[in-house]
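Structure file protein-v8.cif (mmCIF, C-alpha atoms) is printed below.
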data_my_file
#
loop_
_atom_site.label_atom_id
_atom_site.label_comp_id
_atom_site.auth_asym_id
_atom_site.auth_seq_id
_atom_site.Cartn_x
_atom_site.Cartn_y
_atom_site.Cartn_z
CA MET A 28 33.36 77.09 28.36
CA GLU A 29 32.26 80.70 28.66
CA PRO A 30 31.18 82.15 25.28
CA ILE A 31 33.52 84.81 23.94
CA GLN A 32 31.97 88.25 24.34
CA GLN A 33 31.62 90.03 21.01
CA GLU A 34 32.89 93.57 20.58
CA ALA A 35 31.12 96.33 18.69
CA ILE A 36 31.37 99.88 17.43
CA ILE A 37 28.25 102.04 17.88
CA VAL A 38 27.33 104.57 15.20
CA GLY A 39 24.84 107.44 15.29
CA VAL A 40 23.78 110.43 13.21
CA GLN A 41 23.02 113.63 15.10
CA LEU A 42 20.32 115.44 13.18
CA GLN A 43 20.05 119.22 13.60
CA ASN A 44 16.80 119.00 15.56
CA LYS A 45 18.01 116.16 17.82
CA THR A 46 18.87 117.61 21.24
CA ASN A 47 19.15 114.31 23.17
CA PHE A 48 21.71 112.64 20.91
CA ALA A 49 24.37 111.98 23.59
CA TYR A 50 21.71 110.42 25.79
CA SER A 51 20.40 108.12 23.02
CA MET A 52 23.95 106.91 22.29
CA GLU A 53 24.48 106.13 25.98
CA GLU A 54 21.20 104.23 25.96
CA LEU A 55 22.42 102.28 22.90
CA ARG A 56 25.51 101.24 24.93
CA ASN A 57 23.22 99.97 27.70
CA LEU A 58 21.10 98.02 25.20
CA ALA A 59 24.27 96.44 23.77
CA ALA A 60 25.44 95.51 27.27
CA ALA A 61 22.06 93.88 27.91
CA CYS A 62 22.80 91.68 24.86
CA ASP A 63 26.24 90.85 26.30
CA ILE A 64 28.04 92.90 23.64
CA LYS A 65 31.02 95.04 24.66
CA VAL A 66 31.14 98.48 23.02
CA THR A 67 34.79 99.32 22.24
CA GLY A 68 34.33 102.37 20.02
CA GLU A 69 31.91 105.07 18.94
CA LEU A 70 31.45 107.07 15.75
CA SER A 71 29.02 109.90 15.16
CA GLN A 72 28.20 112.33 12.38
CA LYS A 73 26.30 115.62 12.38
CA ALA A 74 24.00 115.88 9.38
CA SER A 75 20.79 117.53 8.21
CA ARG A 76 19.40 114.13 7.16
CA ILE A 77 20.26 110.44 7.31
CA ASN A 78 22.03 109.13 4.19
CA PRO A 79 19.37 107.00 2.41
CA THR A 80 21.86 104.46 0.98
CA HIS A 81 24.45 104.01 3.76
CA TYR A 82 23.01 105.87 6.82
CA ILE A 83 26.33 107.78 7.07
CA GLY A 84 28.43 109.57 4.41
CA THR A 85 31.21 107.97 2.32
CA GLY A 86 34.01 109.61 4.35
CA LYS A 87 32.52 108.31 7.59
CA ILE A 88 32.30 104.78 6.17
CA GLN A 89 36.06 104.83 5.54
CA GLU A 90 36.60 106.17 9.06
CA LEU A 91 34.34 103.40 10.44
CA ALA A 92 36.22 100.68 8.50
CA ALA A 93 39.52 101.92 9.99
CA LEU A 94 38.02 102.00 13.50
CA LEU A 95 36.70 98.44 13.11
CA GLU A 96 40.19 97.27 12.13
CA GLU A 97 41.87 99.18 14.94
CA LYS A 98 39.48 97.88 17.64
CA GLU A 99 39.17 94.40 16.08
CA ALA A 100 35.39 94.68 16.48
CA THR A 101 33.10 92.27 14.65
CA ILE A 102 29.75 94.08 14.92
CA VAL A 103 28.57 97.59 14.01
CA ILE A 104 25.45 98.81 15.86
CA PHE A 105 23.50 101.72 14.40
CA ASN A 106 21.43 104.03 16.58
CA ASP A 107 18.38 104.08 14.28
CA GLU A 108 16.35 101.46 12.46
CA LEU A 109 18.04 100.63 9.16
CA SER A 110 16.24 99.91 5.91
CA PRO A 111 16.87 96.60 4.12
CA SER A 112 19.01 98.34 1.47
CA GLN A 113 21.05 100.20 4.10
CA ILE A 114 21.87 96.88 5.82
CA ARG A 115 22.96 95.32 2.50
CA ASN A 116 25.05 98.33 1.46
CA LEU A 117 26.75 98.69 4.84
CA GLU A 118 27.61 95.00 5.10
CA SER A 119 29.00 95.08 1.58
CA ALA A 120 31.12 98.16 2.34
CA LEU A 121 32.32 97.07 5.80
CA ASP A 122 32.38 93.27 5.46
CA GLN A 123 31.16 92.99 9.06
CA GLN A 124 27.91 92.17 10.82
CA VAL A 125 25.56 95.18 10.85
CA ILE A 126 22.63 95.50 13.26
CA ASP A 127 20.43 98.37 14.40
CA ARG A 128 18.79 99.60 17.59
CA THR A 129 15.55 97.76 16.78
CA ILE A 130 17.13 94.31 16.52
CA LEU A 131 18.94 94.90 19.84
CA ILE A 132 15.67 95.66 21.62
CA LEU A 133 13.93 92.74 19.91
CA ASN A 134 16.68 90.41 21.11
CA ILE A 135 16.44 91.63 24.69
CA PHE A 136 12.67 91.13 24.60
CA ALA A 137 13.12 87.63 23.14
CA GLU A 138 15.48 86.68 25.94
CA ARG A 139 13.30 88.13 28.71
CA ALA A 140 9.88 86.87 27.52
CA LYS A 141 8.59 84.27 29.99
CA THR A 142 4.83 83.94 29.43
CA LYS A 143 3.24 82.40 26.35
CA GLU A 144 1.67 85.73 25.35
CA ALA A 145 4.93 87.69 25.64
CA GLN A 146 6.79 85.03 23.64
CA LEU A 147 4.16 85.16 20.88
CA GLN A 148 4.26 88.96 20.81
CA VAL A 149 8.05 89.07 20.55
CA GLU A 150 8.17 86.43 17.82
CA VAL A 151 5.57 88.31 15.73
CA ALA A 152 7.59 91.53 16.13
CA GLN A 153 10.84 89.78 15.16
CA LEU A 154 9.38 88.13 12.07
CA GLN A 155 7.73 91.36 10.90
CA TYR A 156 11.07 93.13 11.27
CA MET A 157 12.95 90.37 9.45
CA LEU A 158 10.55 89.90 6.55
CA PRO A 159 11.79 92.79 4.36
CA ARG A 160 15.39 92.24 5.51
CA LEU A 161 15.86 88.55 4.78
CA THR A 162 18.79 88.93 2.36
CA GLY A 163 20.89 91.20 4.54
CA LEU A 164 20.16 89.35 7.74
CA ARG A 165 20.96 85.97 6.21
CA GLU A 166 24.39 87.26 5.14
CA SER A 167 24.80 88.76 8.59
CA LEU A 168 24.15 85.42 10.27
CA GLY A 169 26.88 83.84 8.17
CA ARG A 170 29.39 86.06 9.99
CA GLN A 171 27.82 85.77 13.42
CA GLY A 172 29.95 84.32 16.18
CA GLY A 173 28.34 82.39 19.01
CA GLY A 174 29.42 84.74 21.76
CA SER A 175 26.78 87.44 21.93
CA GLY A 176 23.18 87.51 23.05
CA LEU A 177 22.22 88.09 19.42
CA THR A 178 21.03 84.56 18.80
CA ASN A 179 17.48 85.71 18.04
CA ARG A 180 15.97 83.46 20.66
CA GLY A 181 12.28 83.13 20.01
CA ALA A 182 12.50 83.66 16.26
CA GLY A 183 15.77 81.78 15.93
CA GLU A 184 18.26 81.26 13.12
CA THR A 185 16.19 78.49 11.53
CA LYS A 186 13.29 80.87 11.03
CA LEU A 187 15.58 83.40 9.39
CA GLU A 188 16.31 80.80 6.74
CA LEU A 189 12.63 80.33 5.95
CA ASP A 190 11.48 81.85 2.71
CA ARG A 191 9.13 84.83 2.70
CA ARG A 192 5.97 82.74 2.21
CA ARG A 193 6.69 80.47 5.17
CA ILE A 194 7.47 83.44 7.40
CA GLU A 195 4.20 85.10 6.40
CA GLU A 196 2.35 81.85 7.18
CA ARG A 197 4.08 81.67 10.55
CA ILE A 198 3.05 85.27 11.36
CA LEU A 199 -0.58 84.41 10.55
CA VAL A 200 -0.49 81.35 12.85
CA LEU A 201 1.06 83.41 15.68
CA GLN A 202 -1.44 86.26 15.26
CA THR A 203 -4.35 83.81 15.44
CA GLU A 204 -2.91 82.37 18.66
CA LEU A 205 -2.36 85.88 20.01
CA GLN A 206 -5.97 86.83 19.28
CA GLN A 207 -7.10 84.00 21.57
CA GLN A 208 -4.82 85.33 24.32
CA VAL A 209 -6.12 88.87 23.75
CA ALA A 210 -9.76 87.69 23.89
CA ARG A 211 -9.04 86.01 27.24
CA ARG A 212 -7.44 89.20 28.58
CA GLN A 213 -10.40 91.31 27.42
CA ILE A 214 -12.85 89.00 29.23
CA GLN A 215 -10.79 89.45 32.41
CA ARG A 216 -10.81 93.24 31.95
CA LYS A 217 -14.59 93.32 31.39
CA GLN A 218 -15.07 91.30 34.56
CA ARG A 219 -12.93 93.79 36.50
CA HIS A 220 -14.97 96.71 35.14
CA LYS A 221 -18.17 94.87 36.07
CA ASN A 222 -16.91 94.53 39.63
CA GLU A 223 -16.21 98.30 39.61
CA VAL A 224 -12.79 97.86 41.25
CA PRO A 225 -10.49 100.82 40.44
CA VAL A 226 -7.43 99.96 38.32
CA VAL A 227 -4.11 101.62 39.17
CA CYS A 228 -1.31 101.11 36.65
CA LEU A 229 2.45 101.40 37.22
CA VAL A 230 4.17 102.98 34.21
CA GLY A 231 7.63 104.36 33.54
CA TYR A 232 10.99 103.91 31.91
CA THR A 233 12.57 100.47 32.04
CA ASN A 234 14.41 99.60 35.28
CA THR A 235 12.96 102.39 37.47
CA GLY A 236 11.67 99.95 40.11
CA LYS A 237 8.04 99.41 39.09
CA SER A 238 8.04 95.68 39.92
CA SER A 239 9.89 96.30 43.20
CA LEU A 240 7.28 98.90 44.15
CA MET A 241 4.50 96.47 43.33
CA ASN A 242 6.12 93.79 45.50
CA VAL A 243 6.40 96.21 48.43
CA MET A 244 2.69 97.12 48.09
CA VAL A 245 1.77 93.41 48.07
CA ASP A 246 4.04 92.73 51.09
CA THR A 247 2.63 95.71 53.02
CA TYR A 248 -1.05 94.86 52.61
CA HIS A 249 -0.89 91.09 52.07
CA PRO A 250 2.14 89.83 54.03
CA GLY A 251 2.98 86.19 53.40
CA SER A 252 0.74 85.95 50.32
CA HIS A 253 3.67 84.94 48.04
CA LYS A 254 2.21 87.01 45.19
CA GLN A 255 5.41 88.87 44.33
CA VAL A 256 6.30 89.54 40.70
CA PHE A 257 9.74 89.08 39.13
CA ALA A 258 11.96 92.10 39.83
CA LYS A 259 15.61 92.52 38.86
CA ASP A 260 18.02 95.39 38.22
CA MET A 261 18.16 95.06 34.43
CA LEU A 262 16.56 96.47 31.29
CA PHE A 263 13.12 95.03 30.48
CA ALA A 264 12.92 92.64 33.44
CA THR A 265 9.12 92.82 33.11
CA LEU A 266 7.53 92.01 29.74
CA GLU A 267 4.20 90.70 30.88
CA THR A 268 1.40 92.53 32.64
CA SER A 269 0.88 91.40 36.24
CA VAL A 270 -2.27 92.34 38.17
CA ARG A 271 -2.55 92.14 41.97
CA SER A 272 -5.54 92.99 44.13
CA ILE A 273 -4.61 95.33 47.00
CA GLU A 274 -7.05 95.42 49.91
CA LEU A 275 -6.46 98.24 52.39
CA PRO A 276 -7.19 97.83 56.13
CA ASP A 277 -10.52 99.72 55.73
CA HIS A 278 -11.72 97.20 53.07
CA LYS A 279 -11.14 99.53 50.15
CA THR A 280 -9.76 97.52 47.23
CA PHE A 281 -7.97 98.45 44.02
CA LEU A 282 -6.13 96.48 41.34
CA LEU A 283 -2.44 97.29 40.88
CA THR A 284 -1.01 96.55 37.43
CA ASP A 285 2.67 96.26 36.52
CA THR A 286 3.56 96.90 32.85
CA VAL A 287 6.48 96.64 30.44
CA GLY A 288 9.00 99.49 30.85
CA PHE A 289 9.45 102.08 28.13
CA VAL A 290 12.59 103.10 26.27
CA SER A 291 13.18 105.79 23.67
CA GLN A 292 12.50 104.78 20.06
CA LEU A 293 10.65 101.65 21.17
CA PRO A 294 10.35 99.76 17.84
CA HIS A 295 6.93 100.14 16.23
CA HIS A 296 6.93 96.36 15.57
CA LEU A 297 7.04 95.84 19.34
CA VAL A 298 4.48 98.53 20.19
CA LYS A 299 2.14 96.93 17.66
CA ALA A 300 2.78 93.39 18.93
CA PHE A 301 2.45 94.42 22.59
CA ARG A 302 -0.65 96.52 21.92
CA SER A 303 -2.94 94.19 23.88
CA THR A 304 -0.57 94.24 26.87
CA LEU A 305 -0.25 98.01 26.74
CA GLU A 306 -4.04 98.41 26.54
CA GLU A 307 -4.02 97.78 30.29
CA VAL A 308 -2.52 101.28 30.59
CA THR A 309 -5.21 102.97 28.49
CA GLU A 310 -8.03 101.53 30.61
CA ALA A 311 -6.60 102.45 34.01
CA ASP A 312 -8.32 104.84 36.42
CA LEU A 313 -4.97 106.14 37.68
CA LEU A 314 -1.35 105.93 36.51
CA ILE A 315 1.64 105.87 38.86
CA HIS A 316 4.58 107.19 36.84
CA VAL A 317 7.59 105.57 38.57
CA VAL A 318 10.81 107.56 38.17
CA ASP A 319 14.36 106.51 39.09
CA TYR A 320 15.16 109.78 40.87
CA SER A 321 18.79 108.74 41.37
CA ASP A 322 19.44 108.58 37.60
CA PRO A 323 21.00 111.80 36.24
CA GLU A 324 18.88 111.33 33.09
CA TYR A 325 15.57 110.95 34.97
CA LYS A 326 13.96 113.97 33.26
CA GLN A 327 14.75 112.48 29.86
CA HIS A 328 13.27 109.15 31.01
CA MET A 329 10.11 110.95 32.10
CA ALA A 330 9.85 112.63 28.69
CA VAL A 331 10.19 109.24 26.94
CA THR A 332 7.39 107.80 29.14
CA ASP A 333 5.15 110.81 28.47
CA GLU A 334 5.71 110.46 24.70
CA THR A 335 4.89 106.73 24.83
CA LEU A 336 1.72 107.35 26.88
CA LYS A 337 0.65 109.97 24.36
CA ALA A 338 1.23 107.53 21.49
CA LEU A 339 -0.94 104.95 23.30
CA GLY A 340 -3.68 107.51 23.90
CA ALA A 341 -3.23 107.34 27.68
CA ASP A 342 -1.99 110.90 28.30
CA HIS A 343 -5.41 112.02 29.65
CA ILE A 344 -5.42 109.62 32.63
CA PRO A 345 -4.80 111.19 36.09
CA THR A 346 -1.18 110.56 37.15
CA ILE A 347 0.79 110.36 40.39
CA TYR A 348 4.59 110.72 40.17
CA ALA A 349 6.51 108.28 42.39
CA TYR A 350 10.15 109.42 42.61
CA ASN A 351 11.77 106.12 43.58
CA LYS A 352 15.33 105.40 44.85
CA ALA A 353 15.32 108.66 46.85
CA ASP A 354 17.59 106.83 49.33
CA LEU A 355 20.41 107.18 46.75
CA THR A 356 20.01 110.99 46.62
CA ASP A 357 20.12 113.95 49.00
CA GLN A 358 16.35 114.44 48.65
CA PRO A 359 14.48 114.21 51.99
CA TYR A 360 11.92 111.38 51.92
CA PRO A 361 9.24 110.18 52.37
CA LEU A 362 7.76 113.44 51.16
CA VAL A 363 4.53 114.35 49.37
CA GLN A 364 4.29 117.42 47.14
CA ASP A 365 1.00 117.86 45.29
CA ASN A 366 0.68 114.72 43.10
CA SER A 367 4.28 113.61 43.69
CA VAL A 368 5.79 111.39 46.35
CA TYR A 369 9.50 110.79 47.04
CA LEU A 370 10.09 107.26 48.31
CA SER A 371 12.33 104.20 48.41
CA ALA A 372 10.78 100.87 47.40
CA LYS A 373 13.98 99.10 48.44
CA LEU A 374 13.79 100.45 52.01
CA LYS A 375 9.96 100.28 52.05
CA ARG A 376 9.69 103.96 52.95
CA GLY A 377 7.02 106.23 51.50
CA ILE A 378 4.46 103.46 50.90
CA ASP A 379 1.86 104.97 53.28
CA GLU A 380 2.28 108.33 51.56
CA LEU A 381 1.84 106.76 48.11
CA THR A 382 -1.24 104.87 49.31
CA GLY A 383 -2.67 108.15 50.62
CA LEU A 384 -2.33 109.72 47.16
CA ILE A 385 -3.90 106.65 45.52
CA ARG A 386 -6.83 106.84 47.97
CA ALA A 387 -7.45 110.50 47.19
CA HIS A 388 -7.64 109.75 43.45
CA VAL A 389 -9.56 106.49 43.15
CA PHE A 390 -11.91 106.37 46.13
CA THR A 391 -13.97 109.45 45.35
CA ASP A 392 -17.29 107.55 45.26
CA TYR A 393 -17.40 106.92 49.04
CA ILE A 394 -19.66 108.55 51.65
CA GLN A 395 -19.64 108.77 55.43
CA CYS A 396 -23.00 107.78 56.92
CA GLU A 397 -24.80 106.49 59.99
CA ILE A 398 -27.52 103.90 59.50
CA LEU A 399 -29.90 101.77 61.55
CA VAL A 400 -30.35 98.22 60.21
CA PRO A 401 -33.36 96.17 61.50
CA PHE A 402 -32.37 92.96 63.26
CA ASP A 403 -34.09 90.83 60.60
CA ARG A 404 -31.72 92.35 57.99
CA GLY A 405 -28.55 90.83 59.42
CA GLY A 406 -27.20 90.10 55.94
CA VAL A 407 -26.86 93.87 55.33
CA VAL A 408 -24.72 94.25 58.46
CA SER A 409 -22.54 91.31 57.32
CA TYR A 410 -22.14 92.85 53.86
CA PHE A 411 -21.02 96.22 55.26
CA ASN A 412 -18.64 94.54 57.72
CA GLU A 413 -16.97 92.87 54.75
CA HIS A 414 -17.13 95.61 52.11
CA ALA A 415 -17.13 98.91 54.01
CA HIS A 416 -15.14 100.64 56.73
CA VAL A 417 -17.32 100.25 59.82
CA GLN A 418 -16.15 102.78 62.41
CA SER A 419 -18.55 101.97 65.24
CA VAL A 420 -21.37 99.54 66.06
CA SER A 421 -24.10 99.86 68.71
CA TYR A 422 -27.32 97.98 69.35
CA GLU A 423 -30.69 99.65 69.87
CA GLU A 424 -34.22 98.38 70.42
CA THR A 425 -35.08 98.37 66.70
CA GLY A 426 -31.77 97.25 65.19
CA THR A 427 -28.02 97.68 64.73
CA ARG A 428 -26.62 101.20 64.40
CA LEU A 429 -23.55 101.45 62.16
CA LYS A 430 -21.30 104.44 61.61
CA LEU A 431 -19.40 103.70 58.42
CA GLU A 432 -17.74 104.78 55.20
CA CYS A 433 -19.01 102.91 52.15
CA ARG A 434 -19.32 103.17 48.40
CA VAL A 435 -22.23 105.27 47.14
CA ALA A 436 -23.31 102.31 44.98
CA ASP A 437 -23.57 100.04 48.05
CA PHE A 438 -25.43 102.72 50.01
CA GLU A 439 -28.01 103.02 47.20
CA LYS A 440 -28.20 99.23 46.75
CA PHE A 441 -29.35 98.62 50.35
CA ARG A 442 -31.12 101.95 50.95
CA SER A 443 -34.57 100.34 51.27
CA GLU A 444 -33.31 97.96 53.98
CA PHE A 445 -32.07 100.47 56.60
CA ILE A 446 -32.93 103.85 58.11
CA GLU A 447 -30.48 106.73 57.69
CA VAL A 448 -29.91 108.48 61.03
#

Rewrite the structure of this file - the entire thing - as structure tokens.
Amino acid sequence: MEPIQQEAIIVGVQLQNKTNFAYSMEELRNLAAACDIKVTGELSQKASRINPTHYIGTGKIQELAALLEEKEATIVIFNDELSPSQIRNLESALDQQVIDRTILILNIFAERAKTKEAQLQVEVAQLQYMLPRLTGLRESLGRQGGGSGLTNRGAGETKLELDRRRIEERILVLQTELQQQVARRQIQRKQRHKNEVPVVCLVGYTNTGKSSLMNVMVDTYHPGSHKQVFAKDMLFATLETSVRSIELPDHKTFLLTDTVGFVSQLPHHLVKAFRSTLEEVTEADLLIHVVDYSDPEYKQHMAVTDETLKALGADHIPTIYAYNKADLTDQPYPLVQDNSVYLSAKLKRGIDELTGLIRAHVFTDYIQCEILVPFDRGGVVSYFNEHAHVQSVSYEETGTRLKLECRVADFEKFRSEFIEV
């Protein structure tokens, strides 16, 4: 039998300095939908500050209780992270399950996590969130029906029933395991730096098409390689960092990295837990900020991404803006304007233009040269054939003449073994 979909009322407080309130409430609806919860009503309150005991004022609580009865909803979802006492007080006043934005996002992450590292990161974040909230959450679970996505996969109901000490012990075990995963990732990163291959990182709001764009790049330059990453039209489809080597026809190579999508008010528990994954962003040579240009809220999404990059300390890295899904708009494409490109990953249009922008940013250490390599230095010719863009070859009495574009480092490395002409 199909599980019965749970119904919820969403509640938010619009503070005086909050200009994007309507947008954040719409986003909360989307997060609820991603947890298979149907939003049947909405309640908001304008205030100068959030009520420290109940999040909303006494009058609004009565209004909310009436709305819950009218809509026959069983869950109330709050637009901000609630304190342990707020959860207890609200559940006592409303006699219904109370959850906040943070637990919604944590649940989506728990459901989407596929790799061992992502699962560990999500479980740590969930347990750290739950630790101070054990009393309220335990009561909440007593009311929980089996219909929604709020089953806390990854941390699970059994873990909620653990006492504080056992949860703390579990967090320590997970963090030790995570450290081993992080150490492995850092070794891989050091190796990449040693090889001096530029790293290009896809960043952006969740569900803008980053993974689809990565797959198109892989298909374009490595057809039939079967190295595609998981891509789906849903929030947080990608939770793990994927790295693919892209070799262009002229032997220039860069690493393309796909990362977890951002969302406004990304819980600090998650940012902390996913720190090692997000470090990929901070060590990139170039960022490609992927934007869903067809979304009416795309400017807001860009602002959220910029804020997150700033919080990670990655706001200084050179950035290209890839305005994806241009096929769903009236915008002419493919089109390049300064550091921006309008494209469609779905229709595979604009990829050459994007690659051109990437080239201009990351392959600055290349020189055009003409060299004469003695015949007894055939290994140098083989190396350049494999690692450089050889434009012409001719044979003379004293050796092989190559006209090529190569990295400055390679030119200097073999300088003593050829004659520059």

**Prompt:** If you apply the PyMOL selection byres ((chain A and resi 36) around 10) to this file, what residues do you get, as a list in words?
**Reply:**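 On this input, the PyMOL selection byres ((chain A and resi 36) around 10) captures Glu34, Ala35, Ile37, Val38, Arg56, Ile64, Lys65, Val66, Thr67, Gly68, Glu69, Leu70, Leu91, Leu94, Leu95, Lys98, Glu99, Ala100, Thr101, Ile102, Val103, Ile104, Phe105 and Val125 of chain A.
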
### Query
Expressed in Å to a single decimal, how great is the separation between atom CA of A:Phe48 and atom CA of A:His81?
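Taking atom CA of A:Phe48 as the start and atom CA of A:His81 as the end point, the length is 19.4 Å.
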
For A:Glu310, work out the shell of residues within 9 Å, counting all atoms listed in the file and skipping chain neighbours fewer than 4 positions away, then give it as a tab-separated table (two decimals) with C-alpha atoms, in the frame of the given file.
chain	number	residue	atom	x	y	z
A	216	ARG	CA	-10.81	93.24	31.95
A	226	VAL	CA	-7.43	99.96	38.32
A	306	GLU	CA	-4.04	98.41	26.54
A	341	ALA	CA	-3.23	107.34	27.68
A	344	ILE	CA	-5.42	109.62	32.63

inquiry  = Quick one: residues within 9 Å of A:Leu282, all atoms listed in the file, excluding same-chain residues fewer than 3 positions away - as a PyMOL selection string?
reply    = chain A and resi 219+224-228+270-274

| task | Name the residues in contact with A:Gln146 at a cut-off of 8 Å, using all atoms listed in the file, excluding same-chain residues fewer than 4 positions from it; report them as a list in words. | result |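 The filter keeps Ala137, Ala140, Lys141, Thr142, Glu150 and Gly181 of chain A.
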
**OP:** Find the residue from A:Leu240, A:Leu55, A:Ile347, A:Leu109 that sits nearest to A:Ala387; use all atoms listed in the file when measuring.
**Re:**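 Distance minimum relative to A:Ala387 lands on A:Ile347.
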
For the interface of stretch 322-396 of chain A with stretch 408-424 of chain A (cut-off 10 Å, counting only C-alpha atoms), please tabulate each contacting residue of stretch 322-396 of chain A alongside its nearest pair of atoms and their separation in Å to one decimal, rows sorted by chain and increasing number, as a Markdown table.
| residue | atom | partner | partner_atom | distance |
| --- | --- | --- | --- | --- |
| A:Tyr393 | CA | A:Ala415 | CA | 9.4 |
| A:Gln395 | CA | A:His416 | CA | 9.4 |
| A:Cys396 | CA | A:Val417 | CA | 9.9 |

### Query
What is the atom CA of A:Ala92-atom CA of A:Leu121 distance in Å, reported with one decimal?
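Straight-line distance from atom CA of A:Ala92 to atom CA of A:Leu121 works out to 6.0 Å.
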
### Message
Selection in question (the file shown): the PyMOL selection byres ((chain A and resi 314) around 10). Which residues does it include, as an MDAnalysis selection string?
### Response
chainID A and resid 226:231 283:284 308:313 315:317 341:342 344:348 385

So what does the PyMOL selection byres ((chain A and resi 374) around 12) actually pick up in this one, as an mmCIF file with C-alpha atoms, keeping the file's coordinate frame?
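File out_39.cif, as written:
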data_model
loop_
_atom_site.group_PDB
_atom_site.id
_atom_site.type_symbol
_atom_site.label_atom_id
_atom_site.label_comp_id
_atom_site.auth_asym_id
_atom_site.auth_seq_id
_atom_site.Cartn_x
_atom_site.Cartn_y
_atom_site.Cartn_z
ATOM 1 C CA SER A 239 9.890 96.300 43.200
ATOM 2 C CA LEU A 240 7.280 98.900 44.150
ATOM 3 C CA VAL A 243 6.400 96.210 48.430
ATOM 4 C CA ASN A 351 11.770 106.120 43.580
ATOM 5 C CA LYS A 352 15.330 105.400 44.850
ATOM 6 C CA ALA A 353 15.320 108.660 46.850
ATOM 7 C CA ASP A 354 17.590 106.830 49.330
ATOM 8 C CA LEU A 355 20.410 107.180 46.750
ATOM 9 C CA TYR A 360 11.920 111.380 51.920
ATOM 10 C CA PRO A 361 9.240 110.180 52.370
ATOM 11 C CA LEU A 370 10.090 107.260 48.310
ATOM 12 C CA SER A 371 12.330 104.200 48.410
ATOM 13 C CA ALA A 372 10.780 100.870 47.400
ATOM 14 C CA LYS A 373 13.980 99.100 48.440
ATOM 15 C CA LYS A 375 9.960 100.280 52.050
ATOM 16 C CA ARG A 376 9.690 103.960 52.950
ATOM 17 C CA GLY A 377 7.020 106.230 51.500
ATOM 18 C CA ILE A 378 4.460 103.460 50.900
#

Atom CA of A:Lys45 to atom CA of A:Val331, straight-line distance in Å: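 Separation between atom CA of A:Val331 and atom CA of A:Lys45: 13.9 Å.
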
- Task: Have a look at A:Asn116, A:Tyr156, A:Ala60, A:Asp379 and name the one nearest to A:Thr85; count all atoms listed in the file.
- Result: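 Comparing A:Asn116, A:Tyr156, A:Ala60, A:Asp379 against A:Thr85, the winner is A:Asn116.
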
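Nearest residue to A:Glu54, choosing from A:Val245, A:Met329, A:Leu297, A:Val290 and counting all atoms listed in the file: A:Val290.
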
Could you work out an axis-aligned bounding box for all listed atoms of stretch 336-339 of chain A, with 3 Å added on each of the six sides, and give its centre and edge lengths in Å to one decimal, as lines of an AutoDock Vina configuration file?
center_x = 0.4
center_y = 107.5
center_z = 24.2
size_x = 8.7
size_y = 11.0
size_z = 11.4

Fill in: Contact residues around stretch 76-78 of chain A with only C-alpha atoms at 8 Å, ignoring same-chain residues under 3 positions, as an NGL selection string
:A and (40 or 42 or 81-84)

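Between A:Thr233 and the residues A:Val287, A:Val149, A:Val209, A:Ala49, the shortest atom-to-atom distance, using only C-alpha atoms, involves A:Val287.
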
Written record: stretch 314-341 of chain A, C-alpha atoms, as an mmCIF file, in the first residue's frame:
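Just written: part.cif:
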data_model
loop_
_atom_site.group_PDB
_atom_site.id
_atom_site.type_symbol
_atom_site.label_atom_id
_atom_site.label_comp_id
_atom_site.auth_asym_id
_atom_site.auth_seq_id
_atom_site.Cartn_x
_atom_site.Cartn_y
_atom_site.Cartn_z
ATOM 1 C CA LEU A 314 34.487 28.437 -10.286
ATOM 2 C CA ILE A 315 31.625 27.975 -12.739
ATOM 3 C CA HIS A 316 28.561 29.475 -11.065
ATOM 4 C CA VAL A 317 25.678 27.561 -12.706
ATOM 5 C CA VAL A 318 22.403 29.499 -12.735
ATOM 6 C CA ASP A 319 18.923 28.237 -13.672
ATOM 7 C CA TYR A 320 18.153 31.219 -15.918
ATOM 8 C CA SER A 321 14.567 30.013 -16.445
ATOM 9 C CA ASP A 322 13.731 30.342 -12.726
ATOM 10 C CA PRO A 323 12.041 33.676 -11.887
ATOM 11 C CA GLU A 324 14.006 33.688 -8.607
ATOM 12 C CA TYR A 325 17.412 33.151 -10.255
ATOM 13 C CA LYS A 326 18.872 36.416 -8.892
ATOM 14 C CA GLN A 327 17.939 35.376 -5.366
ATOM 15 C CA HIS A 328 19.538 31.962 -5.975
ATOM 16 C CA MET A 329 22.714 33.685 -7.152
ATOM 17 C CA ALA A 330 22.767 35.808 -3.990
ATOM 18 C CA VAL A 331 22.409 32.672 -1.816
ATOM 19 C CA THR A 332 25.339 31.037 -3.662
ATOM 20 C CA ASP A 333 27.487 34.165 -3.295
ATOM 21 C CA GLU A 334 26.739 34.304 0.454
ATOM 22 C CA THR A 335 27.642 30.620 0.871
ATOM 23 C CA LEU A 336 30.892 31.040 -1.089
ATOM 24 C CA LYS A 337 31.778 34.007 1.099
ATOM 25 C CA ALA A 338 31.100 31.953 4.248
ATOM 26 C CA LEU A 339 33.414 29.219 2.901
ATOM 27 C CA GLY A 340 36.131 31.752 2.101
ATOM 28 C CA ALA A 341 35.882 31.066 -1.643
#
